[in-house]
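Shown next: input-v4.cif, given as mmCIF, C-alpha atoms.
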data_query
loop_
_atom_site.label_atom_id
_atom_site.label_comp_id
_atom_site.auth_asym_id
_atom_site.auth_seq_id
_atom_site.Cartn_x
_atom_site.Cartn_y
_atom_site.Cartn_z
CA MET N 1 -56.25 81.43 132.50
CA SER N 2 -56.63 83.55 135.62
CA LEU N 3 -59.45 82.15 137.76
CA PRO N 4 -59.55 83.77 141.26
CA ARG N 5 -60.59 81.12 143.74
CA PHE N 6 -60.36 79.82 147.30
CA MET N 7 -61.64 76.85 149.29
CA ILE N 8 -63.10 76.80 152.79
CA ALA N 9 -62.08 73.49 154.39
CA ALA N 10 -62.06 72.21 157.98
CA PRO N 11 -60.68 69.46 160.22
CA ALA N 12 -64.02 67.62 160.34
CA SER N 13 -67.69 67.64 159.46
CA GLY N 14 -69.75 69.81 161.79
CA SER N 15 -67.17 72.61 161.86
CA GLY N 16 -69.53 75.13 160.28
CA LYS N 17 -68.29 75.01 156.68
CA THR N 18 -71.68 75.46 155.02
CA LEU N 19 -72.78 78.29 157.31
CA VAL N 20 -69.55 80.24 156.88
CA THR N 21 -69.37 79.51 153.14
CA CYS N 22 -72.91 80.81 152.63
CA GLY N 23 -72.17 83.89 154.71
CA VAL N 24 -69.03 84.64 152.71
CA LEU N 25 -70.88 84.05 149.44
CA GLN N 26 -73.59 86.48 150.53
CA ALA N 27 -71.01 89.09 151.52
CA LEU N 28 -69.34 88.79 148.11
CA VAL N 29 -72.67 89.01 146.28
CA ASN N 30 -73.62 92.06 148.35
CA ARG N 31 -70.42 93.70 147.14
CA GLY N 32 -71.66 93.33 143.58
CA LEU N 33 -69.29 90.54 142.57
CA ARG N 34 -70.19 87.74 140.18
CA VAL N 35 -69.61 84.62 142.29
CA ALA N 36 -69.38 80.94 141.38
CA SER N 37 -69.68 78.28 144.05
CA PHE N 38 -68.74 74.62 144.25
CA LYS N 39 -68.96 71.75 146.73
CA CYS N 40 -66.30 69.05 147.05
CA GLY N 41 -67.71 65.52 146.97
CA PRO N 42 -71.08 64.07 145.95
CA ASP N 43 -73.31 66.14 148.25
CA TYR N 44 -76.53 67.63 146.81
CA ILE N 45 -77.82 69.78 149.67
CA ASP N 46 -74.95 72.18 150.36
CA PRO N 47 -74.92 73.36 146.71
CA MET N 48 -78.65 74.12 147.05
CA PHE N 49 -77.83 76.57 149.85
CA HIS N 50 -75.06 78.11 147.75
CA SER N 51 -77.49 78.55 144.86
CA ARG N 52 -79.95 80.44 147.04
CA VAL N 53 -77.16 82.96 147.71
CA ILE N 54 -75.57 83.44 144.29
CA GLY N 55 -78.75 83.05 142.23
CA ALA N 56 -77.17 80.42 139.96
CA ARG N 57 -76.65 76.67 140.08
CA SER N 58 -73.80 75.56 142.31
CA LYS N 59 -71.67 72.66 141.06
CA ASN N 60 -69.89 69.63 142.52
CA LEU N 61 -66.17 68.87 142.31
CA ASP N 62 -65.45 65.20 142.95
CA ALA N 63 -62.01 63.74 142.31
CA TYR N 64 -63.32 60.17 142.61
CA PHE N 65 -65.92 60.55 139.89
CA VAL N 66 -63.71 62.07 137.17
CA ASP N 67 -60.12 62.26 135.96
CA ASP N 68 -57.99 65.37 136.43
CA PRO N 69 -58.59 66.99 132.99
CA THR N 70 -62.36 66.60 133.39
CA LEU N 71 -62.20 68.00 136.92
CA ARG N 72 -60.38 71.08 135.59
CA TYR N 73 -63.02 71.49 132.87
CA LEU N 74 -65.96 71.16 135.27
CA PHE N 75 -64.43 73.85 137.45
CA GLY N 76 -63.07 76.16 134.77
CA ARG N 77 -66.10 76.35 132.49
CA THR N 78 -68.12 77.87 135.36
CA ALA N 79 -65.33 79.82 137.08
CA GLU N 80 -64.38 81.72 133.93
CA THR N 81 -67.79 83.44 133.88
CA CYS N 82 -67.37 84.94 137.36
CA ASP N 83 -65.14 87.30 139.34
CA VAL N 84 -64.31 84.78 142.07
CA SER N 85 -65.06 81.14 142.85
CA VAL N 86 -65.69 79.79 146.34
CA VAL N 87 -65.33 76.05 146.98
CA GLU N 88 -66.73 74.38 150.11
CA GLY N 89 -64.78 71.36 151.27
CA VAL N 90 -66.16 68.02 152.40
CA MET N 91 -65.67 66.25 155.76
CA GLY N 92 -62.16 66.83 157.13
CA ILE N 93 -59.72 68.40 154.69
CA TYR N 94 -57.61 65.23 154.35
CA ASP N 95 -60.46 62.68 154.55
CA GLY N 96 -60.77 60.66 151.35
CA ILE N 97 -62.39 57.49 150.06
CA SER N 98 -60.89 55.28 152.78
CA ILE N 99 -59.54 55.68 156.30
CA MET N 100 -55.89 56.20 155.27
CA SER N 101 -56.46 57.78 151.86
CA THR N 102 -56.66 61.43 150.78
CA GLN N 103 -58.06 60.47 147.35
CA ALA N 104 -61.17 62.54 146.52
CA SER N 105 -60.70 64.64 149.68
CA SER N 106 -60.88 68.42 149.85
CA TYR N 107 -57.09 68.36 149.94
CA ASP N 108 -57.02 66.26 146.76
CA VAL N 109 -59.27 68.73 144.93
CA SER N 110 -57.26 71.72 146.18
CA GLU N 111 -54.05 70.15 144.88
CA LYS N 112 -55.44 69.19 141.48
CA LEU N 113 -57.00 72.62 140.90
CA ASP N 114 -54.31 74.70 142.68
CA ILE N 115 -56.92 76.22 145.00
CA PRO N 116 -55.73 78.30 147.99
CA VAL N 117 -57.33 76.86 151.14
CA ILE N 118 -58.77 78.75 154.08
CA LEU N 119 -58.88 76.40 157.08
CA LEU N 120 -61.96 76.85 159.27
CA LEU N 121 -61.30 75.80 162.88
CA ASN N 122 -64.16 75.21 165.29
CA CYS N 123 -62.87 76.79 168.50
CA ARG N 124 -65.79 76.11 170.81
CA GLY N 125 -64.38 75.46 174.29
CA ALA N 126 -60.79 76.28 173.32
CA SER N 127 -58.39 79.20 173.01
CA ILE N 128 -54.63 78.58 172.75
CA SER N 129 -55.34 74.89 172.07
CA VAL N 130 -56.38 75.80 168.53
CA LEU N 131 -52.77 76.67 167.70
CA PRO N 132 -51.35 73.14 167.89
CA MET N 133 -54.39 71.99 165.91
CA LEU N 134 -53.55 74.55 163.23
CA ARG N 135 -49.88 73.58 163.22
CA GLY N 136 -50.76 69.92 162.85
CA PHE N 137 -52.85 70.50 159.74
CA LEU N 138 -50.17 72.77 158.26
CA GLU N 139 -47.36 70.28 158.82
CA PHE N 140 -49.15 67.00 158.05
CA ARG N 141 -48.05 67.30 154.41
CA GLU N 142 -47.40 69.90 151.72
CA ASN N 143 -50.65 71.78 151.16
CA ASN N 144 -52.31 74.94 149.85
CA ILE N 145 -53.49 76.26 153.23
CA ARG N 146 -53.02 80.03 153.00
CA GLY N 147 -55.36 81.35 155.68
CA VAL N 148 -57.37 80.44 158.75
CA ILE N 149 -60.79 81.43 160.11
CA PHE N 150 -61.56 80.78 163.78
CA ASN N 151 -65.20 79.75 164.23
CA ASN N 152 -67.00 80.23 167.56
CA MET N 153 -64.39 82.67 168.86
CA SER N 154 -64.61 86.11 170.46
CA GLN N 155 -62.75 89.17 169.19
CA LYS N 156 -60.65 89.32 172.36
CA VAL N 157 -59.37 85.76 171.92
CA PHE N 158 -58.82 86.29 168.17
CA ASP N 159 -56.75 89.44 168.72
CA THR N 160 -54.51 87.44 171.06
CA ILE N 161 -54.27 84.31 168.90
CA ALA N 162 -53.91 85.93 165.45
CA PRO N 163 -50.20 86.94 165.68
CA ALA N 164 -49.22 83.36 166.59
CA ALA N 165 -51.14 82.03 163.61
CA ARG N 166 -49.39 84.51 161.30
CA GLU N 167 -46.02 83.31 162.60
CA MET N 168 -46.92 79.83 161.32
CA GLY N 169 -47.10 81.22 157.77
CA VAL N 170 -50.86 81.58 157.32
CA GLU N 171 -53.06 84.67 157.25
CA PRO N 172 -55.56 84.97 160.12
CA ILE N 173 -58.60 85.96 158.07
CA GLY N 174 -60.72 86.61 161.13
CA TYR N 175 -63.19 85.01 163.47
CA VAL N 176 -66.87 84.02 163.52
CA PRO N 177 -68.67 84.81 166.78
CA LYS N 178 -71.39 82.55 168.10
CA VAL N 179 -74.46 83.09 165.90
CA SER N 180 -76.93 80.62 167.38
CA ASP N 181 -79.91 82.28 165.68
CA LEU N 182 -78.35 81.77 162.25
CA VAL N 183 -77.39 78.07 162.37
CA LEU N 184 -78.45 75.65 159.63
CA GLU N 185 -80.32 72.63 160.98
CA SER N 186 -79.50 69.06 159.89
CA ARG N 187 -81.35 65.89 158.94
CA HIS N 188 -80.13 62.32 158.38
CA LEU N 189 -78.82 63.14 154.88
CA GLY N 190 -77.17 66.35 156.03
CA LEU N 191 -78.72 69.77 156.20
CA VAL N 192 -82.42 70.39 155.88
CA LEU N 193 -83.41 71.85 152.51
CA PRO N 194 -83.25 75.63 151.97
CA SER N 195 -87.02 75.76 151.40
CA GLU N 196 -87.55 74.46 154.94
CA ILE N 197 -85.79 77.37 156.63
CA ASP N 198 -87.98 80.38 157.35
CA GLU N 199 -86.63 83.71 156.08
CA LEU N 200 -83.42 82.10 154.84
CA LYS N 201 -82.39 85.07 152.70
CA ASP N 202 -82.81 87.45 155.62
CA LYS N 203 -80.71 85.18 157.84
CA LEU N 204 -77.95 84.97 155.23
CA ASN N 205 -77.86 88.74 154.83
CA ARG N 206 -77.60 89.19 158.60
CA LEU N 207 -74.80 86.62 158.64
CA ALA N 208 -73.01 88.46 155.83
CA GLU N 209 -73.20 91.68 157.86
CA VAL N 210 -71.60 89.90 160.80
CA LEU N 211 -68.81 88.46 158.66
CA GLU N 212 -68.08 91.81 157.01
CA GLY N 213 -67.20 93.01 160.49
CA THR N 214 -65.23 89.99 161.71
CA LEU N 215 -63.50 88.65 158.55
CA ASP N 216 -61.07 90.43 156.26
CA ILE N 217 -62.99 89.90 153.03
CA ASP N 218 -60.47 91.99 151.08
CA LEU N 219 -57.73 89.62 152.22
CA LEU N 220 -59.80 86.66 151.09
CA LEU N 221 -60.13 88.23 147.64
CA ASP N 222 -56.40 88.96 147.56
CA ILE N 223 -55.60 85.31 148.33
CA ALA N 224 -58.09 84.20 145.66
CA GLY N 225 -56.51 86.52 143.09
CA LYS N 226 -53.06 85.00 143.67
CA ALA N 227 -54.21 81.50 142.69
CA PRO N 228 -52.11 80.12 139.81
CA ASP N 229 -53.47 80.22 136.27
CA LEU N 230 -55.48 77.13 135.32
CA GLU N 231 -55.84 75.75 131.80
CA TYR N 232 -58.60 73.36 130.77
CA SER N 233 -60.46 72.04 127.74
CA ALA N 234 -63.80 70.30 127.24
CA PRO N 235 -63.64 66.48 127.13
CA GLU N 236 -64.92 64.76 124.02
CA VAL N 237 -68.50 63.48 124.25
CA ARG N 238 -70.56 61.63 121.66
CA ARG N 239 -73.60 63.45 120.32
CA ILE N 240 -76.50 61.27 119.19
CA ASP N 241 -77.79 61.46 115.62
CA GLY N 242 -80.91 63.45 116.45
CA ARG N 243 -82.46 65.41 119.31
CA VAL N 244 -84.74 64.15 122.07
CA ARG N 245 -86.78 65.73 124.84
CA ILE N 246 -86.07 64.48 128.37
CA GLY N 247 -88.55 65.05 131.18
CA LEU N 248 -86.58 65.81 134.37
CA ALA N 249 -88.48 65.57 137.66
CA ALA N 250 -87.65 68.78 139.52
CA ASP N 251 -89.57 69.96 142.58
CA GLU N 252 -89.34 69.89 146.39
CA THR N 253 -89.31 66.08 146.32
CA PHE N 254 -87.04 65.36 143.38
CA CYS N 255 -84.28 67.89 143.95
CA PHE N 256 -81.08 65.80 144.02
CA THR N 257 -79.80 66.35 140.49
CA TYR N 258 -76.21 66.96 139.44
CA GLU N 259 -76.19 70.02 137.20
CA ASP N 260 -73.23 68.51 135.37
CA ASN N 261 -75.43 65.54 134.44
CA VAL N 262 -77.95 67.93 132.92
CA GLU N 263 -75.25 69.81 131.02
CA LEU N 264 -73.82 66.56 129.64
CA LEU N 265 -77.23 65.36 128.47
CA GLU N 266 -77.63 68.64 126.62
CA ARG N 267 -74.20 68.29 125.02
CA CYS N 268 -75.19 64.80 123.85
CA GLY N 269 -78.39 66.03 122.19
CA ALA N 270 -81.11 66.37 124.82
CA GLU N 271 -83.60 69.12 125.43
CA ILE N 272 -84.43 69.16 129.15
CA VAL N 273 -88.07 69.68 130.15
CA ARG N 274 -88.56 70.04 133.90
CA PHE N 275 -91.80 68.86 135.49
CA SER N 276 -93.21 68.20 138.95
CA PRO N 277 -94.56 64.77 139.94
CA MET N 278 -96.00 66.53 143.00
CA ASP N 279 -97.94 69.31 141.27
CA ASP N 280 -98.38 68.49 137.57
CA THR N 281 -101.17 66.18 136.43
CA ASN N 282 -99.24 64.38 133.68
CA VAL N 283 -95.79 63.77 132.27
CA PRO N 284 -95.01 66.40 129.58
CA ASP N 285 -94.55 65.51 125.90
CA VAL N 286 -91.11 63.92 126.14
CA ASP N 287 -89.14 60.94 124.83
CA GLY N 288 -87.67 59.85 128.16
CA ILE N 289 -87.91 60.47 131.91
CA ILE N 290 -85.35 61.02 134.67
CA LEU N 291 -86.62 60.71 138.24
CA SER N 292 -83.87 62.12 140.45
CA GLY N 293 -83.32 61.50 144.12
CA GLY N 294 -84.63 63.61 146.96
CA TYR N 295 -86.93 63.23 149.94
CA PRO N 296 -90.08 61.44 148.73
CA GLU N 297 -90.75 60.26 152.28
CA LEU N 298 -91.34 63.89 153.32
CA HIS N 299 -93.98 64.36 150.64
CA SER N 300 -95.50 60.88 150.54
CA SER N 301 -99.08 62.12 150.99
CA GLU N 302 -98.80 64.64 148.14
CA LEU N 303 -97.22 62.06 145.84
CA GLU N 304 -99.88 59.49 146.72
CA SER N 305 -102.75 61.93 146.17
CA ASN N 306 -101.54 62.88 142.67
CA VAL N 307 -103.11 59.76 141.14
CA SER N 308 -103.11 61.03 137.55
CA MET N 309 -99.33 61.54 137.61
CA ARG N 310 -98.67 58.15 139.22
CA ASP N 311 -100.86 56.43 136.63
CA ASP N 312 -99.28 58.34 133.75
CA ILE N 313 -95.73 57.49 134.82
CA ARG N 314 -96.64 53.82 135.25
CA GLU N 315 -98.31 53.64 131.84
CA LYS N 316 -95.46 55.40 130.07
CA VAL N 317 -92.66 53.41 131.71
CA GLU N 318 -94.45 50.08 131.19
CA GLY N 319 -95.19 51.21 127.63
CA GLY N 320 -91.49 51.49 126.87
CA MET N 321 -90.63 55.13 127.52
CA PRO N 322 -86.98 55.12 128.67
CA CYS N 323 -86.59 56.03 132.31
CA ILE N 324 -83.74 56.50 134.77
CA ALA N 325 -84.85 56.52 138.41
CA GLU N 326 -82.33 57.12 141.19
CA CYS N 327 -82.81 56.68 144.94
CA GLY N 328 -85.88 58.85 145.69
CA GLY N 329 -87.10 58.39 142.12
CA PHE N 330 -86.64 54.63 142.50
CA MET N 331 -88.64 54.71 145.74
CA TYR N 332 -91.43 56.58 143.95
CA LEU N 333 -91.73 53.80 141.35
CA HIS N 334 -92.55 51.15 143.99
CA ASP N 335 -95.96 49.76 144.90
CA GLU N 336 -95.79 51.44 148.28
CA MET N 337 -93.45 53.46 150.48
CA GLU N 338 -93.28 54.29 154.15
CA GLY N 339 -93.53 58.03 154.66
CA SER N 340 -91.85 60.08 157.34
CA ASP N 341 -95.20 59.84 159.14
CA GLY N 342 -94.63 56.10 159.58
CA GLU N 343 -97.60 55.22 157.35
CA MET N 344 -97.45 53.25 154.09
CA HIS N 345 -98.42 55.20 150.96
CA ARG N 346 -99.24 54.01 147.45
CA MET N 347 -96.75 55.00 144.78
CA CYS N 348 -96.50 54.32 141.01
CA GLY N 349 -96.58 50.52 141.04
CA VAL N 350 -93.83 49.98 138.45
CA ILE N 351 -91.44 48.25 140.87
CA HIS N 352 -93.29 45.53 142.75
CA GLY N 353 -92.29 45.81 146.37
CA ALA N 354 -92.19 48.17 149.34
CA VAL N 355 -89.77 50.75 150.72
CA ARG N 356 -89.35 51.19 154.46
CA ASN N 357 -87.24 53.18 156.89
CA THR N 358 -84.35 51.04 158.16
CA GLY N 359 -83.19 53.59 160.71
CA LYS N 360 -79.60 53.36 159.51
CA LEU N 361 -77.43 54.15 156.51
CA THR N 362 -77.56 51.39 153.92
CA ARG N 363 -74.79 50.55 151.39
CA PHE N 364 -73.32 54.01 152.02
CA GLY N 365 -70.46 55.28 149.87
CA TYR N 366 -68.81 55.41 146.47
CA ALA N 367 -68.92 52.54 143.99
CA SER N 368 -68.54 51.78 140.30
CA PHE N 369 -71.52 50.22 138.53
CA SER N 370 -71.77 48.03 135.43
CA PRO N 371 -74.56 46.00 133.75
CA LEU N 372 -74.51 42.22 134.02
CA ASN N 373 -76.27 41.68 130.66
CA ASP N 374 -75.91 43.14 127.16
CA ASP N 375 -79.62 43.77 126.59
CA GLY N 376 -80.04 46.55 129.16
CA VAL N 377 -80.32 50.31 128.77
CA THR N 378 -76.65 50.68 127.78
CA ARG N 379 -76.81 47.81 125.22
CA GLY N 380 -73.46 46.38 126.20
CA PRO N 381 -70.62 46.64 128.72
CA LEU N 382 -69.99 49.95 130.43
CA SER N 383 -68.80 51.18 133.82
CA ILE N 384 -69.98 54.35 135.53
CA LYS N 385 -69.27 55.78 138.98
CA GLY N 386 -71.75 56.89 141.60
CA HIS N 387 -72.67 56.55 145.25
CA GLU N 388 -75.42 55.43 147.62
CA PHE N 389 -76.65 57.36 150.65
CA HIS N 390 -80.05 56.39 152.06
CA TYR N 391 -81.86 55.26 155.20
CA TRP N 392 -84.97 53.94 153.44
CA ASP N 393 -84.46 50.58 151.68
CA SER N 394 -86.45 48.38 149.30
CA ASP N 395 -87.34 44.70 149.50
CA ASN N 396 -86.77 44.59 145.71
CA CYS N 397 -83.55 46.46 144.89
CA GLY N 398 -82.94 44.58 141.64
CA ASP N 399 -79.96 42.50 140.51
CA ASP N 400 -79.26 43.54 136.91
CA TRP N 401 -76.09 45.57 137.61
CA LYS N 402 -72.99 44.90 139.70
CA ALA N 403 -71.63 47.43 142.18
CA VAL N 404 -67.99 47.43 143.31
CA LYS N 405 -67.22 49.56 146.35
CA THR N 406 -63.89 51.36 146.71
CA GLY N 407 -62.86 48.78 149.31
CA GLY N 408 -63.56 45.89 146.92
CA ARG N 409 -66.95 44.71 148.23
CA GLU N 410 -69.34 43.65 145.46
CA TYR N 411 -73.13 43.38 145.34
CA THR N 412 -75.91 43.38 142.75
CA CYS N 413 -78.39 46.18 142.40
CA MET N 414 -80.82 48.02 140.09
CA HIS N 415 -83.58 46.96 137.73
CA ASP N 416 -82.72 47.18 134.02
CA THR N 417 -85.49 46.25 131.59
CA GLY N 418 -83.73 47.59 128.52
CA THR N 419 -85.64 50.86 128.71
CA MET N 420 -85.86 51.44 132.48
CA LEU N 421 -82.86 51.67 134.80
CA ALA N 422 -83.99 52.07 138.40
CA GLY N 423 -82.16 51.67 141.69
CA TYR N 424 -80.63 53.42 144.66
CA PRO N 425 -77.29 54.50 143.12
CA HIS N 426 -76.83 58.14 142.18
CA LEU N 427 -74.81 58.08 138.95
CA TYR N 428 -72.38 60.77 137.83
CA TYR N 429 -72.53 60.88 134.04
CA TYR N 430 -69.19 62.63 133.44
CA SER N 431 -67.45 59.60 134.96
CA ASN N 432 -68.40 57.92 131.65
CA PRO N 433 -70.15 60.25 129.16
CA GLU N 434 -71.00 57.26 126.95
CA PHE N 435 -73.70 56.34 129.49
CA ALA N 436 -75.61 59.54 128.71
CA ALA N 437 -75.30 59.04 124.97
CA ARG N 438 -76.56 55.45 125.14
CA PHE N 439 -79.55 56.42 127.28
CA LEU N 440 -80.46 59.16 124.80
CA GLU N 441 -80.23 56.62 121.98
CA ARG N 442 -82.88 54.54 123.76
CA CYS N 443 -85.01 57.69 123.91
CA LEU N 444 -84.45 58.30 120.21
CA GLU N 445 -85.53 54.74 119.43
CA TYR N 446 -88.68 55.26 121.49
CA ARG N 447 -89.47 58.54 119.74
CA ASP N 448 -88.98 57.02 116.31
CA SER N 449 -91.19 54.03 117.21
CA ARG N 450 -94.10 56.42 117.84
CA ASP N 451 -93.71 58.36 114.57
#
Since I need it in another form, could you write the structure as structure tokens?
Amino acid sequence: MSLPRFMIAAPASGSGKTLVTCGVLQALVNRGLRVASFKCGPDYIDPMFHSRVIGARSKNLDAYFVDDPTLRYLFGRTAETCDVSVVEGVMGIYDGISIMSTQASSYDVSEKLDIPVILLLNCRGASISVLPMLRGFLEFRENNIRGVIFNNMSQKVFDTIAPAAREMGVEPIGYVPKVSDLVLESRHLGLVLPSEIDELKDKLNRLAEVLEGTLDIDLLLDIAGKAPDLEYSAPEVRRIDGRVRIGLAADETFCFTYEDNVELLERCGAEIVRFSPMDDTNVPDVDGIILSGGYPELHSSELESNVSMRDDIREKVEGGMPCIAECGGFMYLHDEMEGSDGEMHRMCGVIHGAVRNTGKLTRFGYASFSPLNDDGVTRGPLSIKGHEFHYWDSDNCGDDWKAVKTGGREYTCMHDTGTMLAGYPHLYYYSNPEFAARFLERCLEYRDSRD
């Protein structure tokens, strides 16, 4: 199947990938094209920026979480509905799950999906020195690098450098001048959220106008159109014997949700009902709850003041309603949590303990997770992949599941009561679709018990 596509990758984080990707996406949308967007790796925030541009949910592509056929499916099922797909890389193009590994890197994804790569070089403070950098990335190993964009470069320098780049066998797509008024600010988990940037849409349109003048967008589309055909098929998933309603927390606080998780739940027999723990007074009429991650510390006062919602969640979870709470959702279930204001705020009171800012990343990175007992939410052995990425930590993280990091380190984590699974790990359901089916079965049991 013909699926026009290209990836924007870079030598390192901080090269401007998200800014340039969003500008290119906006330029393509302004041309009237149907555009799909993806982010390599487990990141939540960059896809949120993509979504603001294309008006549809952006997806993740992670070669650690899933096998190759599933990766092709997760890409293809969205790409086939659009004219072109744009993939933003993660970290440096060759950086994978360990120091000397390219596994799960942007390079790994580009190889497995045959995606032409456009290398974005940050040229601040350099001119001819960018050429040996480019040559090094081209010659490090066989790759799909087909073009190069020079970020933070003037037209005069680009016009001089471009012929030398073309002699290396790559197309000089163009340059990005310094656009200090259009930068995307960062926070400890990455970029700030799109909702925090004033007049974001206007800024992206102005950026798109700049890039239309400095990048050869037609050449980008030509490279995308020459991507090899890609075949894929949907992986088998188990559908439960019935249908349940799942309440998914979705607002400015609880915004870290993998869209592929939602799609898998629906394939397994769930109807998704979104609600806001910040603004709604009660949990909707559902058979189970998912409290996703996000930034509860930024909205601690609002969460604390919504007493009716906190009480309702506590009563329902303690009453046996199945619940998955990840990272920010897990923090929300505690007795109290330190907000970004440095003050302690009352939360739901399901998890007895407190959450505080540690000032540093805690248990950062990929891991596989499995229950230590057979009477938990999954009712038996199972392994699922995920990751942790947080600065706030709990004095009661739980010890019902075992985590195994990619480097072999093991630790216990998460609370599993048989109906509630709560902890810091963000789980990726397509790494083991049986997890979603078993959770929905707990929800079905709960629904039937109330009939």
Return as a tab-separated table the residues of segment 80-120 of chain N lying at most 7 Å from segment 30-41 of chain N, together with the closest atom-to-atom pair for each and the distance in Å to one decimal, counting all atoms listed in the file, with rows in chain order and ascending residue number.
residue	atom	partner	partner_atom	distance
N:Cys82	CA	N:Arg34	CA	4.9
N:Asp83	CA	N:Arg34	CA	5.1
N:Val84	CA	N:Val35	CA	5.3
N:Ser85	CA	N:Ala36	CA	4.6
N:Val86	CA	N:Ser37	CA	4.8
N:Val87	CA	N:Phe38	CA	4.6
N:Glu88	CA	N:Lys39	CA	4.8
N:Gly89	CA	N:Cys40	CA	5.0
N:Val90	CA	N:Cys40	CA	5.5
N:Ser106	CA	N:Cys40	CA	6.1
Between atom CA of Lys59 of chain N and atom CA of Pro47 of chain N lies a distance of 6.6 Å
Can you list, as an mmCIF file with C-alpha atoms, in the coordinates of the input, every protein, DNA or RNA residue that comes within 9 Å of segment 231-247 of chain N when you count all atoms listed in the file, leaving out same-chain residues fewer than 2 positions away?
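And here's part-v7.cif as it stands now:
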data_model
loop_
_atom_site.group_PDB
_atom_site.id
_atom_site.type_symbol
_atom_site.label_atom_id
_atom_site.label_comp_id
_atom_site.auth_asym_id
_atom_site.auth_seq_id
_atom_site.Cartn_x
_atom_site.Cartn_y
_atom_site.Cartn_z
ATOM 1 C CA MET N 1 -56.250 81.430 132.500
ATOM 2 C CA SER N 2 -56.630 83.550 135.620
ATOM 3 C CA PRO N 69 -58.590 66.990 132.990
ATOM 4 C CA THR N 70 -62.360 66.600 133.390
ATOM 5 C CA LEU N 71 -62.200 68.000 136.920
ATOM 6 C CA ARG N 72 -60.380 71.080 135.590
ATOM 7 C CA TYR N 73 -63.020 71.490 132.870
ATOM 8 C CA LEU N 74 -65.960 71.160 135.270
ATOM 9 C CA PHE N 75 -64.430 73.850 137.450
ATOM 10 C CA GLY N 76 -63.070 76.160 134.770
ATOM 11 C CA ARG N 77 -66.100 76.350 132.490
ATOM 12 C CA ASP N 229 -53.470 80.220 136.270
ATOM 13 C CA ALA N 249 -88.480 65.570 137.660
ATOM 14 C CA LEU N 264 -73.820 66.560 129.640
ATOM 15 C CA LEU N 265 -77.230 65.360 128.470
ATOM 16 C CA ARG N 267 -74.200 68.290 125.020
ATOM 17 C CA CYS N 268 -75.190 64.800 123.850
ATOM 18 C CA GLY N 269 -78.390 66.030 122.190
ATOM 19 C CA ALA N 270 -81.110 66.370 124.820
ATOM 20 C CA GLU N 271 -83.600 69.120 125.430
ATOM 21 C CA ILE N 272 -84.430 69.160 129.150
ATOM 22 C CA VAL N 273 -88.070 69.680 130.150
ATOM 23 C CA ARG N 274 -88.560 70.040 133.900
ATOM 24 C CA PHE N 275 -91.800 68.860 135.490
ATOM 25 C CA VAL N 283 -95.790 63.770 132.270
ATOM 26 C CA PRO N 284 -95.010 66.400 129.580
ATOM 27 C CA ASP N 285 -94.550 65.510 125.900
ATOM 28 C CA VAL N 286 -91.110 63.920 126.140
ATOM 29 C CA ASP N 287 -89.140 60.940 124.830
ATOM 30 C CA GLY N 288 -87.670 59.850 128.160
ATOM 31 C CA ILE N 289 -87.910 60.470 131.910
ATOM 32 C CA ILE N 290 -85.350 61.020 134.670
ATOM 33 C CA LEU N 291 -86.620 60.710 138.240
ATOM 34 C CA PRO N 433 -70.150 60.250 129.160
ATOM 35 C CA GLU N 434 -71.000 57.260 126.950
ATOM 36 C CA ALA N 436 -75.610 59.540 128.710
ATOM 37 C CA ALA N 437 -75.300 59.040 124.970
ATOM 38 C CA ARG N 438 -76.560 55.450 125.140
ATOM 39 C CA LEU N 440 -80.460 59.160 124.800
ATOM 40 C CA GLU N 441 -80.230 56.620 121.980
ATOM 41 C CA CYS N 443 -85.010 57.690 123.910
ATOM 42 C CA LEU N 444 -84.450 58.300 120.210
ATOM 43 C CA ARG N 447 -89.470 58.540 119.740
#
Could you tell me which residues the PyMOL selection byres ((chain N and resi 329-334) around 8) returns for this structure, as an mmCIF file with C-alpha atoms, keeping the file's coordinate frame?
data_model
loop_
_atom_site.group_PDB
_atom_site.id
_atom_site.type_symbol
_atom_site.label_atom_id
_atom_site.label_comp_id
_atom_site.auth_asym_id
_atom_site.auth_seq_id
_atom_site.Cartn_x
_atom_site.Cartn_y
_atom_site.Cartn_z
ATOM 1 C CA PHE N 254 -87.040 65.360 143.380
ATOM 2 C CA LEU N 291 -86.620 60.710 138.240
ATOM 3 C CA SER N 292 -83.870 62.120 140.450
ATOM 4 C CA GLY N 293 -83.320 61.500 144.120
ATOM 5 C CA GLY N 294 -84.630 63.610 146.960
ATOM 6 C CA PRO N 296 -90.080 61.440 148.730
ATOM 7 C CA ARG N 314 -96.640 53.820 135.250
ATOM 8 C CA ALA N 325 -84.850 56.520 138.410
ATOM 9 C CA GLU N 326 -82.330 57.120 141.190
ATOM 10 C CA CYS N 327 -82.810 56.680 144.940
ATOM 11 C CA GLY N 328 -85.880 58.850 145.690
ATOM 12 C CA ASP N 335 -95.960 49.760 144.900
ATOM 13 C CA GLU N 336 -95.790 51.440 148.280
ATOM 14 C CA MET N 337 -93.450 53.460 150.480
ATOM 15 C CA MET N 347 -96.750 55.000 144.780
ATOM 16 C CA CYS N 348 -96.500 54.320 141.010
ATOM 17 C CA GLY N 349 -96.580 50.520 141.040
ATOM 18 C CA VAL N 350 -93.830 49.980 138.450
ATOM 19 C CA ILE N 351 -91.440 48.250 140.870
ATOM 20 C CA HIS N 352 -93.290 45.530 142.750
ATOM 21 C CA GLY N 353 -92.290 45.810 146.370
ATOM 22 C CA ALA N 354 -92.190 48.170 149.340
ATOM 23 C CA VAL N 355 -89.770 50.750 150.720
ATOM 24 C CA SER N 394 -86.450 48.380 149.300
ATOM 25 C CA ALA N 422 -83.990 52.070 138.400
ATOM 26 C CA GLY N 423 -82.160 51.670 141.690
ATOM 27 C CA TYR N 424 -80.630 53.420 144.660
#
